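Structure file input10.csv (CSV, C-alpha atoms and all ligand atoms) follows.
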```csv
chain,number,residue,atom,x,y,z
A,3,MET,CA,-132.0,-53.8,-91.3
A,4,LEU,CA,-134.1,-50.7,-90.5
A,5,PRO,CA,-136.2,-51.2,-87.3
A,6,PHE,CA,-139.0,-49.3,-89.0
A,7,ALA,CA,-139.6,-48.1,-92.5
A,8,ARG,CA,-142.4,-45.6,-91.8
A,9,VAL,CA,-142.4,-43.4,-88.7
A,10,ALA,CA,-145.0,-40.9,-87.6
A,11,VAL,CA,-144.1,-38.2,-85.1
A,12,ILE,CA,-147.0,-36.6,-83.2
A,13,GLY,CA,-145.9,-33.3,-81.6
A,14,LEU,CA,-143.2,-31.4,-83.5
A,15,GLY,CA,-141.7,-29.3,-80.8
A,16,LEU,CA,-138.2,-29.6,-79.3
A,17,ILE,CA,-138.2,-33.4,-78.9
A,18,GLY,CA,-140.4,-34.3,-81.9
A,19,SER,CA,-138.4,-32.2,-84.3
A,20,SER,CA,-135.2,-33.6,-82.9
A,21,VAL,CA,-136.5,-37.1,-83.4
A,22,ALA,CA,-137.4,-36.2,-87.0
A,23,ARG,CA,-134.0,-34.6,-87.7
A,24,ALA,CA,-132.2,-37.5,-86.1
A,25,VAL,CA,-134.2,-40.1,-88.1
A,26,ARG,CA,-133.4,-38.1,-91.3
A,27,GLU,CA,-129.7,-38.2,-90.5
A,28,ALA,CA,-129.4,-41.8,-89.2
A,29,MET,CA,-132.0,-43.5,-91.4
A,30,PRO,CA,-132.6,-41.4,-94.5
A,31,ASN,CA,-134.7,-44.0,-96.2
A,32,VAL,CA,-137.4,-43.9,-93.5
A,33,ARG,CA,-140.6,-42.3,-94.6
A,34,LEU,CA,-141.5,-39.6,-92.0
A,35,THR,CA,-144.9,-38.2,-91.3
A,36,GLY,CA,-145.9,-35.8,-88.6
A,37,HIS,CA,-148.7,-33.8,-87.0
A,38,ASP,CA,-148.9,-31.1,-84.4
A,39,ALA,CA,-152.1,-29.6,-82.8
A,40,ASP,CA,-150.8,-26.1,-83.3
A,41,PRO,CA,-151.2,-24.8,-86.9
A,42,GLN,CA,-148.3,-22.5,-86.5
A,43,VAL,CA,-146.0,-25.4,-85.6
A,44,ARG,CA,-147.3,-27.3,-88.6
A,45,GLU,CA,-146.4,-24.4,-90.8
A,46,THR,CA,-142.9,-24.1,-89.3
A,47,ALA,CA,-142.4,-27.9,-89.7
A,48,ARG,CA,-143.4,-27.6,-93.4
A,49,ALA,CA,-141.0,-24.7,-93.9
A,50,LEU,CA,-138.2,-26.6,-92.2
A,51,ALA,CA,-139.1,-29.8,-94.1
A,52,LEU,CA,-138.8,-31.7,-90.8
A,53,VAL,CA,-140.8,-34.6,-92.2
A,54,ASP,CA,-141.9,-35.8,-95.6
A,55,ASP,CA,-145.6,-35.0,-94.9
A,56,VAL,CA,-147.1,-32.8,-92.2
A,57,ALA,CA,-150.7,-33.8,-91.8
A,58,ASP,CA,-153.4,-31.4,-90.6
A,59,HIS,CA,-155.2,-34.3,-88.8
A,60,PRO,CA,-153.5,-36.7,-86.4
A,61,GLY,CA,-155.1,-39.8,-87.9
A,62,ALA,CA,-153.8,-39.0,-91.4
A,63,ALA,CA,-150.2,-38.9,-90.0
A,64,VAL,CA,-150.4,-42.5,-88.7
A,65,LEU,CA,-152.4,-44.3,-91.4
A,66,ASP,CA,-149.5,-46.4,-92.7
A,67,ALA,CA,-147.0,-46.0,-89.9
A,68,GLU,CA,-145.0,-48.8,-88.4
A,69,LEU,CA,-143.9,-46.7,-85.4
A,70,VAL,CA,-145.8,-43.8,-83.9
A,71,VAL,CA,-143.7,-41.5,-81.5
A,72,LEU,CA,-145.8,-39.4,-79.3
A,73,CYS,CA,-143.8,-36.2,-78.5
A,74,VAL,CA,-146.5,-34.1,-76.7
A,75,PRO,CA,-146.6,-32.9,-73.0
A,76,VAL,CA,-147.1,-35.8,-70.6
A,77,GLY,CA,-150.7,-34.6,-69.7
A,78,ALA,CA,-151.8,-34.8,-73.3
A,79,ILE,CA,-150.4,-38.3,-74.2
A,80,GLY,CA,-153.4,-40.3,-73.2
A,81,ALA,CA,-155.9,-38.0,-75.0
A,82,VAL,CA,-153.7,-38.0,-78.2
A,83,ALA,CA,-153.4,-41.8,-78.1
A,84,ALA,CA,-157.2,-42.1,-77.8
A,85,GLU,CA,-157.7,-39.7,-80.7
A,86,LEU,CA,-155.3,-41.7,-82.9
A,87,ALA,CA,-156.6,-45.2,-81.8
A,88,PRO,CA,-159.3,-45.6,-84.6
A,89,ASP,CA,-156.7,-44.8,-87.3
A,90,LEU,CA,-153.8,-46.9,-86.2
A,91,PRO,CA,-152.9,-49.6,-88.7
A,92,ALA,CA,-152.6,-53.3,-87.6
A,93,GLY,CA,-149.2,-54.2,-86.3
A,94,VAL,CA,-148.1,-50.6,-85.4
A,95,ILE,CA,-145.9,-50.0,-82.4
A,96,VAL,CA,-146.6,-46.9,-80.3
A,97,THR,CA,-144.0,-45.2,-78.2
A,98,ASP,CA,-143.7,-41.8,-76.4
A,99,VAL,CA,-141.0,-39.6,-75.0
A,100,GLY,CA,-142.6,-38.4,-71.8
A,101,SER,CA,-140.5,-37.3,-68.8
A,102,SER,CA,-142.6,-39.3,-66.4
A,103,LYS,CA,-143.7,-42.8,-67.0
A,104,ALA,CA,-146.1,-44.6,-64.6
A,105,SER,CA,-149.2,-42.5,-65.4
A,106,VAL,CA,-148.3,-42.3,-69.1
A,107,ALA,CA,-147.9,-46.1,-69.4
A,108,GLN,CA,-151.3,-46.5,-67.7
A,109,ALA,CA,-152.9,-43.9,-70.0
A,110,LEU,CA,-151.4,-45.5,-73.1
A,111,ALA,CA,-152.5,-49.0,-72.1
A,112,GLU,CA,-156.1,-47.7,-71.4
A,113,ALA,CA,-156.3,-45.7,-74.7
A,114,LEU,CA,-154.7,-48.4,-76.8
A,115,PRO,CA,-156.0,-51.9,-75.8
A,116,GLY,CA,-154.4,-54.6,-78.0
A,117,VAL,CA,-151.8,-52.2,-79.4
A,118,ALA,CA,-148.1,-52.8,-78.9
A,119,VAL,CA,-147.0,-50.0,-76.6
A,120,VAL,CA,-143.3,-49.4,-75.5
A,121,PRO,CA,-143.1,-46.2,-73.4
A,122,ALA,CA,-139.7,-44.4,-73.6
A,123,HIS,CA,-137.9,-41.5,-72.1
A,124,PRO,CA,-134.9,-40.0,-73.9
A,125,VAL,CA,-133.0,-38.4,-71.0
A,126,ALA,CA,-131.9,-35.5,-73.2
A,127,GLY,CA,-133.2,-32.1,-73.7
A,128,THR,CA,-132.7,-28.4,-73.2
A,129,GLU,CA,-134.7,-25.5,-71.7
A,130,ARG,CA,-136.0,-24.6,-75.1
A,131,SER,CA,-139.1,-25.7,-76.9
A,132,GLY,CA,-140.7,-25.6,-80.3
A,133,PRO,CA,-139.8,-27.0,-83.7
A,134,GLU,CA,-136.9,-24.6,-84.3
A,135,ALA,CA,-135.2,-25.6,-81.1
A,136,GLY,CA,-134.6,-29.2,-82.0
A,137,PHE,CA,-131.3,-30.7,-83.4
A,138,ALA,CA,-130.3,-34.1,-84.8
A,139,THR,CA,-127.5,-34.9,-82.3
A,140,LEU,CA,-129.7,-34.3,-79.2
A,141,PHE,CA,-129.9,-38.0,-78.3
A,142,ARG,CA,-126.3,-38.9,-79.1
A,143,ASN,CA,-124.6,-40.6,-76.1
A,144,ARG,CA,-127.6,-39.9,-73.9
A,145,TRP,CA,-129.7,-42.5,-72.1
A,146,CYS,CA,-133.0,-43.6,-73.4
A,147,ILE,CA,-135.0,-45.4,-70.7
A,148,LEU,CA,-137.6,-47.9,-71.9
A,149,THR,CA,-140.4,-48.8,-69.5
A,150,PRO,CA,-142.4,-51.6,-71.2
A,151,ALA,CA,-145.1,-53.5,-69.3
A,152,GLU,CA,-144.0,-56.9,-68.0
A,153,ASP,CA,-146.0,-58.7,-70.6
A,154,ALA,CA,-144.9,-56.5,-73.5
A,155,ASP,CA,-143.9,-58.2,-76.8
A,156,PRO,CA,-140.1,-58.6,-76.6
A,157,VAL,CA,-139.7,-58.1,-80.3
A,158,ALA,CA,-141.5,-54.7,-80.1
A,159,VAL,CA,-139.3,-53.7,-77.2
A,160,ALA,CA,-136.2,-54.8,-79.2
A,161,ARG,CA,-137.3,-52.8,-82.3
A,162,VAL,CA,-137.9,-49.6,-80.3
A,163,ALA,CA,-134.5,-50.1,-78.5
A,164,GLU,CA,-132.9,-50.4,-81.9
A,165,PHE,CA,-134.7,-47.3,-83.2
A,166,TRP,CA,-133.2,-45.2,-80.3
A,167,ARG,CA,-129.8,-46.8,-80.7
A,168,ARG,CA,-129.8,-45.7,-84.3
A,169,LEU,CA,-130.5,-42.1,-83.1
A,170,GLY,CA,-127.3,-42.4,-81.0
A,171,ALA,CA,-128.8,-43.2,-77.6
A,172,ASP,CA,-127.8,-45.8,-75.0
A,173,ILE,CA,-130.6,-48.0,-73.8
A,174,GLU,CA,-131.8,-48.9,-70.3
A,175,GLN,CA,-134.9,-50.7,-69.3
A,176,MET,CA,-136.7,-50.4,-66.0
A,177,ALA,CA,-140.1,-50.4,-64.3
A,178,PRO,CA,-142.1,-47.2,-64.8
A,179,GLU,CA,-142.4,-46.6,-61.0
A,180,HIS,CA,-138.7,-47.0,-60.5
A,181,HIS,CA,-138.0,-44.6,-63.5
A,182,ASP,CA,-140.3,-42.0,-61.8
A,183,ARG,CA,-138.4,-42.1,-58.5
A,184,VAL,CA,-135.0,-41.9,-60.1
A,185,LEU,CA,-136.0,-39.0,-62.4
A,186,ALA,CA,-137.9,-37.3,-59.5
A,187,VAL,CA,-134.6,-36.7,-57.8
A,188,THR,CA,-132.2,-36.3,-60.8
A,189,SER,CA,-134.4,-34.1,-63.0
A,190,HIS,CA,-137.8,-33.1,-61.6
A,191,LEU,CA,-136.7,-31.8,-58.2
A,192,PRO,CA,-133.8,-29.8,-59.7
A,193,HIS,CA,-136.3,-28.1,-62.0
A,194,LEU,CA,-138.6,-27.4,-59.0
A,195,ILE,CA,-135.7,-25.9,-57.1
A,196,ALA,CA,-134.7,-23.7,-60.1
A,197,TYR,CA,-138.2,-22.4,-60.5
A,198,THR,CA,-138.3,-21.6,-56.8
A,199,ILE,CA,-135.0,-19.9,-56.4
A,200,VAL,CA,-135.4,-17.7,-59.5
A,201,GLY,CA,-138.9,-16.8,-58.3
A,202,THR,CA,-137.6,-16.0,-54.8
A,203,ALA,CA,-134.9,-13.8,-56.1
A,204,SER,CA,-137.2,-11.8,-58.4
A,205,ASP,CA,-139.8,-11.4,-55.5
A,206,LEU,CA,-137.3,-9.8,-53.1
A,207,GLU,CA,-138.2,-6.2,-52.2
A,208,GLU,CA,-134.8,-4.9,-51.2
A,209,VAL,CA,-133.0,-6.3,-54.3
A,210,THR,CA,-134.0,-4.9,-57.6
A,211,GLN,CA,-134.6,-6.9,-60.7
A,212,SER,CA,-131.7,-5.2,-62.4
A,213,GLU,CA,-129.4,-6.1,-59.5
A,214,VAL,CA,-130.4,-9.8,-59.8
A,215,ILE,CA,-129.6,-9.7,-63.5
A,216,LYS,CA,-126.4,-7.6,-63.1
A,217,TYR,CA,-124.9,-9.6,-60.3
A,218,SER,CA,-126.1,-13.1,-61.2
A,219,ALA,CA,-123.0,-15.2,-60.7
A,220,GLY,CA,-122.5,-18.7,-62.2
A,221,GLY,CA,-124.8,-20.6,-59.8
A,222,PHE,CA,-127.8,-18.4,-60.2
A,223,ARG,CA,-127.3,-18.1,-63.9
A,224,ASP,CA,-127.4,-21.9,-64.2
A,225,PHE,CA,-130.7,-21.9,-62.3
A,226,THR,CA,-132.2,-19.3,-64.7
A,227,ARG,CA,-131.5,-21.5,-67.6
A,228,ILE,CA,-133.4,-24.4,-66.1
A,229,ALA,CA,-136.2,-22.1,-64.9
A,230,ALA,CA,-136.7,-21.0,-68.5
A,231,SER,CA,-138.0,-24.4,-69.3
A,232,ASP,CA,-141.4,-24.9,-70.8
A,233,PRO,CA,-144.3,-24.2,-68.3
A,234,THR,CA,-146.8,-26.5,-69.9
A,235,MET,CA,-144.4,-29.4,-70.0
A,236,TRP,CA,-143.2,-29.0,-66.4
A,237,ARG,CA,-146.7,-28.4,-65.0
A,238,ASP,CA,-147.6,-31.8,-66.5
A,239,VAL,CA,-144.5,-33.5,-65.2
A,240,PHE,CA,-145.2,-32.4,-61.6
A,241,LEU,CA,-148.9,-33.3,-61.8
A,242,ASN,CA,-148.1,-36.7,-63.3
A,243,ASN,CA,-145.2,-37.7,-61.0
A,244,ARG,CA,-146.8,-36.2,-57.9
A,245,GLU,CA,-146.0,-39.0,-55.3
A,246,ALA,CA,-142.4,-39.4,-56.2
A,247,VAL,CA,-141.7,-35.7,-56.4
A,248,LEU,CA,-143.5,-35.0,-53.1
A,249,ASP,CA,-141.4,-37.8,-51.4
A,250,MET,CA,-138.1,-36.5,-52.8
A,251,LEU,CA,-139.2,-32.9,-51.9
A,252,GLN,CA,-139.8,-34.1,-48.3
A,253,ARG,CA,-136.3,-35.6,-48.1
A,254,PHE,CA,-134.8,-32.5,-49.6
A,255,SER,CA,-136.6,-30.2,-47.1
A,256,GLU,CA,-135.2,-32.3,-44.2
A,257,ASP,CA,-131.7,-32.1,-45.6
A,258,LEU,CA,-132.1,-28.3,-46.2
A,259,SER,CA,-133.2,-28.0,-42.6
A,260,ALA,CA,-130.1,-29.8,-41.4
A,261,LEU,CA,-128.0,-27.3,-43.4
A,262,GLN,CA,-130.0,-24.4,-42.0
A,263,ARG,CA,-129.3,-25.7,-38.4
A,264,ALA,CA,-125.6,-26.1,-39.2
A,265,ILE,CA,-125.4,-22.5,-40.4
A,266,ARG,CA,-127.4,-21.2,-37.4
A,267,TRP,CA,-125.2,-23.0,-34.9
A,268,GLY,CA,-121.9,-22.3,-36.6
A,269,GLN,CA,-121.3,-26.1,-37.3
A,270,GLY,CA,-118.5,-25.6,-39.9
A,271,ASP,CA,-117.4,-29.2,-39.8
A,272,GLU,CA,-121.0,-30.3,-40.7
A,273,LEU,CA,-121.1,-28.0,-43.7
A,274,PHE,CA,-117.6,-28.9,-44.8
A,275,ASP,CA,-118.4,-32.7,-44.6
A,276,ARG,CA,-121.6,-32.3,-46.6
A,277,PHE,CA,-119.9,-30.1,-49.3
A,278,THR,CA,-117.0,-32.6,-49.6
A,279,ARG,CA,-119.4,-35.4,-50.2
A,280,THR,CA,-121.3,-33.6,-52.9
A,281,ARG,CA,-118.0,-32.5,-54.6
A,282,ALA,CA,-117.1,-36.2,-54.9
A,283,ILE,CA,-120.4,-36.9,-56.6
A,284,ARG,CA,-119.8,-34.2,-59.2
A,285,ARG,CA,-116.2,-35.5,-59.8
A,286,SER,CA,-117.5,-39.0,-60.4
A,287,ILE,CA,-120.1,-37.7,-62.9
A,288,VAL,CA,-117.4,-35.8,-64.8
A,289,GLU,CA,-115.0,-38.8,-64.8
A,290,GLN,CA,-117.8,-41.0,-66.3
A,291,GLY,CA,-118.0,-38.4,-69.1
A,292,GLN,CA,-121.6,-37.5,-68.1
A,293,ASP,CA,-121.2,-33.8,-67.3
A,294,ASP,CA,-123.7,-31.8,-69.1
A,295,ALA,CA,-122.3,-30.8,-72.5
A,296,ARG,CA,-125.9,-30.1,-73.4
A,297,ALA,CA,-126.1,-27.3,-70.8
A,298,ASP,CA,-123.0,-25.8,-72.4
A,299,PHE,CA,-124.7,-26.1,-75.7
A,300,GLY,CA,-127.7,-24.2,-74.3
A,301,ARG,CA,-125.4,-21.5,-72.9
A,302,SER,CA,-123.5,-21.1,-76.2
A,303,HIS,CA,-126.8,-20.5,-78.0
A,304,GLU,CA,-128.2,-17.9,-75.6
A,401,LIG,N1,-137.9,-30.5,-73.2
A,401,LIG,C1,-137.1,-31.5,-72.8
A,401,LIG,O1,-135.9,-31.2,-72.5
A,401,LIG,C2,-137.5,-32.9,-72.8
A,401,LIG,C3,-138.9,-33.2,-72.9
A,401,LIG,N2,-139.3,-34.5,-72.9
A,401,LIG,C4,-140.7,-34.8,-73.1
A,401,LIG,O2,-141.0,-34.6,-74.4
A,401,LIG,C5,-142.4,-34.2,-74.6
A,401,LIG,C6,-142.4,-33.0,-75.5
A,401,LIG,O3,-141.7,-32.0,-74.9
A,401,LIG,P1,-141.0,-30.8,-75.8
A,401,LIG,O4,-140.7,-31.3,-77.2
A,401,LIG,O5,-139.9,-30.3,-75.0
A,401,LIG,O6,-142.2,-29.8,-75.8
A,401,LIG,P2,-142.5,-28.7,-77.0
A,401,LIG,O7,-143.4,-27.7,-76.3
A,401,LIG,O8,-141.3,-28.2,-77.6
A,401,LIG,O9,-143.4,-29.5,-78.0
A,401,LIG,C7,-144.6,-30.1,-77.7
A,401,LIG,C8,-145.5,-30.0,-78.9
A,401,LIG,O10,-146.6,-30.8,-78.7
A,401,LIG,C9,-147.7,-30.2,-79.4
A,401,LIG,N3,-149.0,-30.7,-78.8
A,401,LIG,C10,-149.5,-30.4,-77.6
A,401,LIG,N4,-150.7,-31.1,-77.5
A,401,LIG,C11,-150.9,-31.8,-78.6
A,401,LIG,C12,-151.9,-32.6,-79.1
A,401,LIG,N5,-153.0,-32.9,-78.3
A,401,LIG,N6,-151.8,-33.1,-80.3
A,401,LIG,C13,-150.7,-32.9,-81.1
A,401,LIG,N7,-149.7,-32.0,-80.7
A,401,LIG,C14,-149.8,-31.5,-79.5
A,401,LIG,C15,-147.5,-28.7,-79.1
A,401,LIG,O11,-148.2,-27.9,-80.0
A,401,LIG,C16,-146.0,-28.6,-79.2
A,401,LIG,O12,-145.6,-28.2,-80.5
A,401,LIG,C17,-142.9,-34.0,-73.2
A,401,LIG,O13,-143.7,-35.1,-72.8
A,401,LIG,C18,-141.7,-33.9,-72.3
A,401,LIG,O14,-141.9,-34.4,-71.0
A,401,LIG,C19,-138.4,-35.6,-72.8
A,401,LIG,C20,-137.1,-35.3,-72.7
A,401,LIG,C21,-136.5,-34.0,-72.6
A,402,LIG,O1,-132.1,-28.8,-70.0
A,402,LIG,C1,-131.9,-29.5,-69.0
A,402,LIG,O2,-130.9,-29.4,-68.2
A,402,LIG,C2,-132.6,-30.8,-68.9
A,402,LIG,O3,-132.7,-31.3,-67.8
A,402,LIG,C3,-133.4,-31.3,-70.1
A,402,LIG,C4,-134.3,-32.4,-69.8
A,402,LIG,C5,-135.6,-32.1,-69.4
A,402,LIG,C6,-136.6,-33.1,-69.2
A,402,LIG,C7,-136.2,-34.4,-69.4
A,402,LIG,O4,-137.1,-35.3,-69.2
A,402,LIG,C8,-134.9,-34.7,-69.8
A,402,LIG,C9,-134.0,-33.7,-70.0
```
Using structure tokens, write down the structure from this file.
Amino acid sequence: MLPFARVAVIGLGLIGSSVARAVREAMPNVRLTGHDADPQVRETARALALVDDVADHPGAAVLDAELVVLCVPVGAIGAVAAELAPDLPAGVIVTDVGSSKASVAQALAEALPGVAVVPAHPVAGTERSGPEAGFATLFRNRWCILTPAEDADPVAVARVAEFWRRLGADIEQMAPEHHDRVLAVTSHLPHLIAYTIVGTASDLEEVTQSEVIKYSAGGFRDFTRIAASDPTMWRDVFLNNREAVLDMLQRFSEDLSALQRAIRWGQGDELFDRFTRTRAIRRSIVEQGQDDARADFGRSHE
């Protein structure tokens, strides 16, 4: 049985358009509606026939929806939910795809009192954005983390889990605060480091921009892919997961200082031991089949 027969997607960028495409493929009988605040995105969504009906007003997209998926930047989720609230039909379930969860869960609960809310984060994406960047297989064999409130309706949680399973994802459930600490170190800090290193390289006086491009070896090239990620989305992630990111950044800075000291004092054994430990982590990720095929996808489409 279909978990939902009518699904509304609000925000038709990379993730929203991927949700729409994946729903079309996995559940072709679902009636899909959509809305985006940007008229150009709505026009593209119509041209690509991403959903059955692209509404010019958010309320019109959700009028008879059973599931509403909010696919807008984290900082906009609360305001979008509040805007939709008067038009939501009885019995609707609202979910989102935001990369940080504690502040989003709180904003959704405040904007939608009495509505079944099941926050989610598909841990799948690319550095691209916009409706043309999405693809139907994005969520396949990727984790989708649900962070429902402790008193959430278990039936609503099970239906949202089944929705993501149908899109190919594997489901995990955890508290929003725990999600935010885990993702701070596995996703948010790496993006911050990439933004920093690419900025540092481009600001150097004695190395020209063209030299940076010409001699960018594998490592730097990988950082530039991540550093090309959407500025609005990542601004919102850092502002909304501030505490966890600052804590992980503090730990990172201390570890970096230790490496700095080892280099300064010629402590080769210290460097060798640290690099050996990190190499083992990469190997265990690859053995579990979780190396980033998606990054390779991004690269092959550059
Ligand atoms: N990009 C990625 O790799 C991943 C992103 N996410 C999360 O997905 C969400 C969406 O990100 P993307 O699809 O990558 O961004 P995107 O920039 O491709 O799409 C976001 C869309 O939301 C629209 N939008 C913004 N404010 C709106 C509003 N008030 N009402 C209606 N539409 C509005 C924008 O016009 C845009 O088309 C974010 O919360 C992000 O944290 C989650 C997993 C991966
Ligand atoms: O492109 C990459 O390497 C990513 O890390 C994509 C990504 C970005 C944000 C998320 O919340 C989840 C996945």
### Message
Let me see if you get this right: every residue at most 6 Å from ligand LIG 401 (chain A), counting all atoms listed in the file, written as a ChimeraX atom specification.
### Response
/A:12-18,38-40,43,73-76,78,82,99-101,123-129,131-132,235
#### Entry: Val159 in chain A environment, 8 Å, only C-alpha atoms, sequence neighbours closer than 4 positions dropped, as a ChimeraX atom specification
/A:120,150,154-155,163
### Task
Compare A:Gln252, A:Thr149, A:Ser20, A:Gln290 by their minimum atom-to-atom distance to Val162 in chain A, counting only C-alpha atoms, and give me the closest one.
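The answer is A:Thr149, which sits nearest to Val162 in chain A.
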### Message
Can you pull out every residue with an atom within 10 Å of ligand LIG 402 (chain A)? Use only C-alpha atoms and all ligand atoms and format it as a PyMOL selection string.
### Response
chain A and resi 17+99-102+123-130+144-146+185-186+188-190+192-193+224-225+227-232+235-236+239+294-300
### Query
Which residue, A:Phe274, A:Phe137, A:Tyr217, A:Trp166, has the smallest gap to Met29 in chain A when you use only C-alpha atoms?
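Closest residue, counting only C-alpha atoms: A:Trp166.
The list of residues within 9 Å of (-123.9, -41.7, -75.3), counted using all atoms listed in the file, is A:Phe141, A:Arg142, A:Asn143, A:Arg144, A:Trp145, A:Gly170, A:Ala171, A:Asp172, A:Gln292.
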Output the selection as an mmCIF file, in the frame of the given file - C-alpha atoms for each residue.
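What follows is the written file part_16.cif:
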```
data_model
loop_
_atom_site.group_PDB
_atom_site.id
_atom_site.type_symbol
_atom_site.label_atom_id
_atom_site.label_comp_id
_atom_site.auth_asym_id
_atom_site.auth_seq_id
_atom_site.Cartn_x
_atom_site.Cartn_y
_atom_site.Cartn_z
ATOM 1 C CA PHE A 141 -129.900 -38.000 -78.300
ATOM 2 C CA ARG A 142 -126.300 -38.900 -79.100
ATOM 3 C CA ASN A 143 -124.600 -40.600 -76.100
ATOM 4 C CA ARG A 144 -127.600 -39.900 -73.900
ATOM 5 C CA TRP A 145 -129.700 -42.500 -72.100
ATOM 6 C CA GLY A 170 -127.300 -42.400 -81.000
ATOM 7 C CA ALA A 171 -128.800 -43.200 -77.600
ATOM 8 C CA ASP A 172 -127.800 -45.800 -75.000
ATOM 9 C CA GLN A 292 -121.600 -37.500 -68.100
#
```
Where atoms are missing, can you supply N, CA and C atoms for range 264-280 of chain A and output the lot as a PDB file, keeping the file's coordinate frame?
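Below is the file that was written, selection_3.pdb:
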```pdb
ATOM      1  N   ALA A 264    -127.044 -26.172 -39.249  1.00  0.00           N
ATOM      2  CA  ALA A 264    -125.600 -26.100 -39.200  1.00  0.00           C
ATOM      3  C   ALA A 264    -125.099 -24.661 -39.334  1.00  0.00           C
ATOM      4  N   ILE A 265    -125.748 -23.913 -40.213  1.00  0.00           N
ATOM      5  CA  ILE A 265    -125.400 -22.500 -40.400  1.00  0.00           C
ATOM      6  C   ILE A 265    -125.702 -21.710 -39.132  1.00  0.00           C
ATOM      7  N   ARG A 266    -126.933 -21.929 -38.629  1.00  0.00           N
ATOM      8  CA  ARG A 266    -127.400 -21.200 -37.400  1.00  0.00           C
ATOM      9  C   ARG A 266    -126.433 -21.390 -36.251  1.00  0.00           C
ATOM     10  N   TRP A 267    -126.010 -22.657 -36.054  1.00  0.00           N
ATOM     11  CA  TRP A 267    -125.200 -23.000 -34.900  1.00  0.00           C
ATOM     12  C   TRP A 267    -123.698 -22.981 -35.167  1.00  0.00           C
ATOM     13  N   GLY A 268    -123.335 -22.459 -36.319  1.00  0.00           N
ATOM     14  CA  GLY A 268    -121.900 -22.300 -36.600  1.00  0.00           C
ATOM     15  C   GLY A 268    -121.176 -23.659 -36.719  1.00  0.00           C
ATOM     16  N   GLN A 269    -121.889 -24.721 -37.178  1.00  0.00           N
ATOM     17  CA  GLN A 269    -121.300 -26.100 -37.300  1.00  0.00           C
ATOM     18  C   GLN A 269    -120.507 -26.195 -38.594  1.00  0.00           C
ATOM     19  N   GLY A 270    -119.319 -25.567 -38.638  1.00  0.00           N
ATOM     20  CA  GLY A 270    -118.500 -25.600 -39.900  1.00  0.00           C
ATOM     21  C   GLY A 270    -118.138 -26.940 -40.344  1.00  0.00           C
ATOM     22  N   ASP A 271    -117.834 -27.853 -39.399  1.00  0.00           N
ATOM     23  CA  ASP A 271    -117.400 -29.200 -39.800  1.00  0.00           C
ATOM     24  C   ASP A 271    -118.542 -29.922 -40.541  1.00  0.00           C
ATOM     25  N   GLU A 272    -119.778 -29.727 -40.059  1.00  0.00           N
ATOM     26  CA  GLU A 272    -121.000 -30.300 -40.700  1.00  0.00           C
ATOM     27  C   GLU A 272    -121.097 -29.848 -42.134  1.00  0.00           C
ATOM     28  N   LEU A 273    -120.979 -28.532 -42.308  1.00  0.00           N
ATOM     29  CA  LEU A 273    -121.100 -28.000 -43.700  1.00  0.00           C
ATOM     30  C   LEU A 273    -119.966 -28.497 -44.552  1.00  0.00           C
ATOM     31  N   PHE A 274    -118.732 -28.479 -44.002  1.00  0.00           N
ATOM     32  CA  PHE A 274    -117.600 -28.900 -44.800  1.00  0.00           C
ATOM     33  C   PHE A 274    -117.733 -30.379 -45.230  1.00  0.00           C
ATOM     34  N   ASP A 275    -118.200 -31.236 -44.317  1.00  0.00           N
ATOM     35  CA  ASP A 275    -118.400 -32.700 -44.600  1.00  0.00           C
ATOM     36  C   ASP A 275    -119.391 -32.865 -45.756  1.00  0.00           C
ATOM     37  N   ARG A 276    -120.519 -32.151 -45.624  1.00  0.00           N
ATOM     38  CA  ARG A 276    -121.600 -32.300 -46.600  1.00  0.00           C
ATOM     39  C   ARG A 276    -121.071 -31.821 -48.007  1.00  0.00           C
ATOM     40  N   PHE A 277    -120.404 -30.678 -48.044  1.00  0.00           N
ATOM     41  CA  PHE A 277    -119.900 -30.100 -49.300  1.00  0.00           C
ATOM     42  C   PHE A 277    -118.832 -31.013 -49.920  1.00  0.00           C
ATOM     43  N   THR A 278    -118.050 -31.656 -49.057  1.00  0.00           N
ATOM     44  CA  THR A 278    -117.000 -32.600 -49.600  1.00  0.00           C
ATOM     45  C   THR A 278    -117.630 -33.772 -50.228  1.00  0.00           C
ATOM     46  N   ARG A 279    -118.703 -34.284 -49.613  1.00  0.00           N
ATOM     47  CA  ARG A 279    -119.400 -35.400 -50.200  1.00  0.00           C
ATOM     48  C   ARG A 279    -119.994 -35.105 -51.566  1.00  0.00           C
ATOM     49  N   THR A 280    -120.623 -33.937 -51.677  1.00  0.00           N
ATOM     50  CA  THR A 280    -121.300 -33.600 -52.900  1.00  0.00           C
ATOM     51  C   THR A 280    -120.239 -33.286 -54.022  1.00  0.00           C
TER      52      THR A 280
END
```
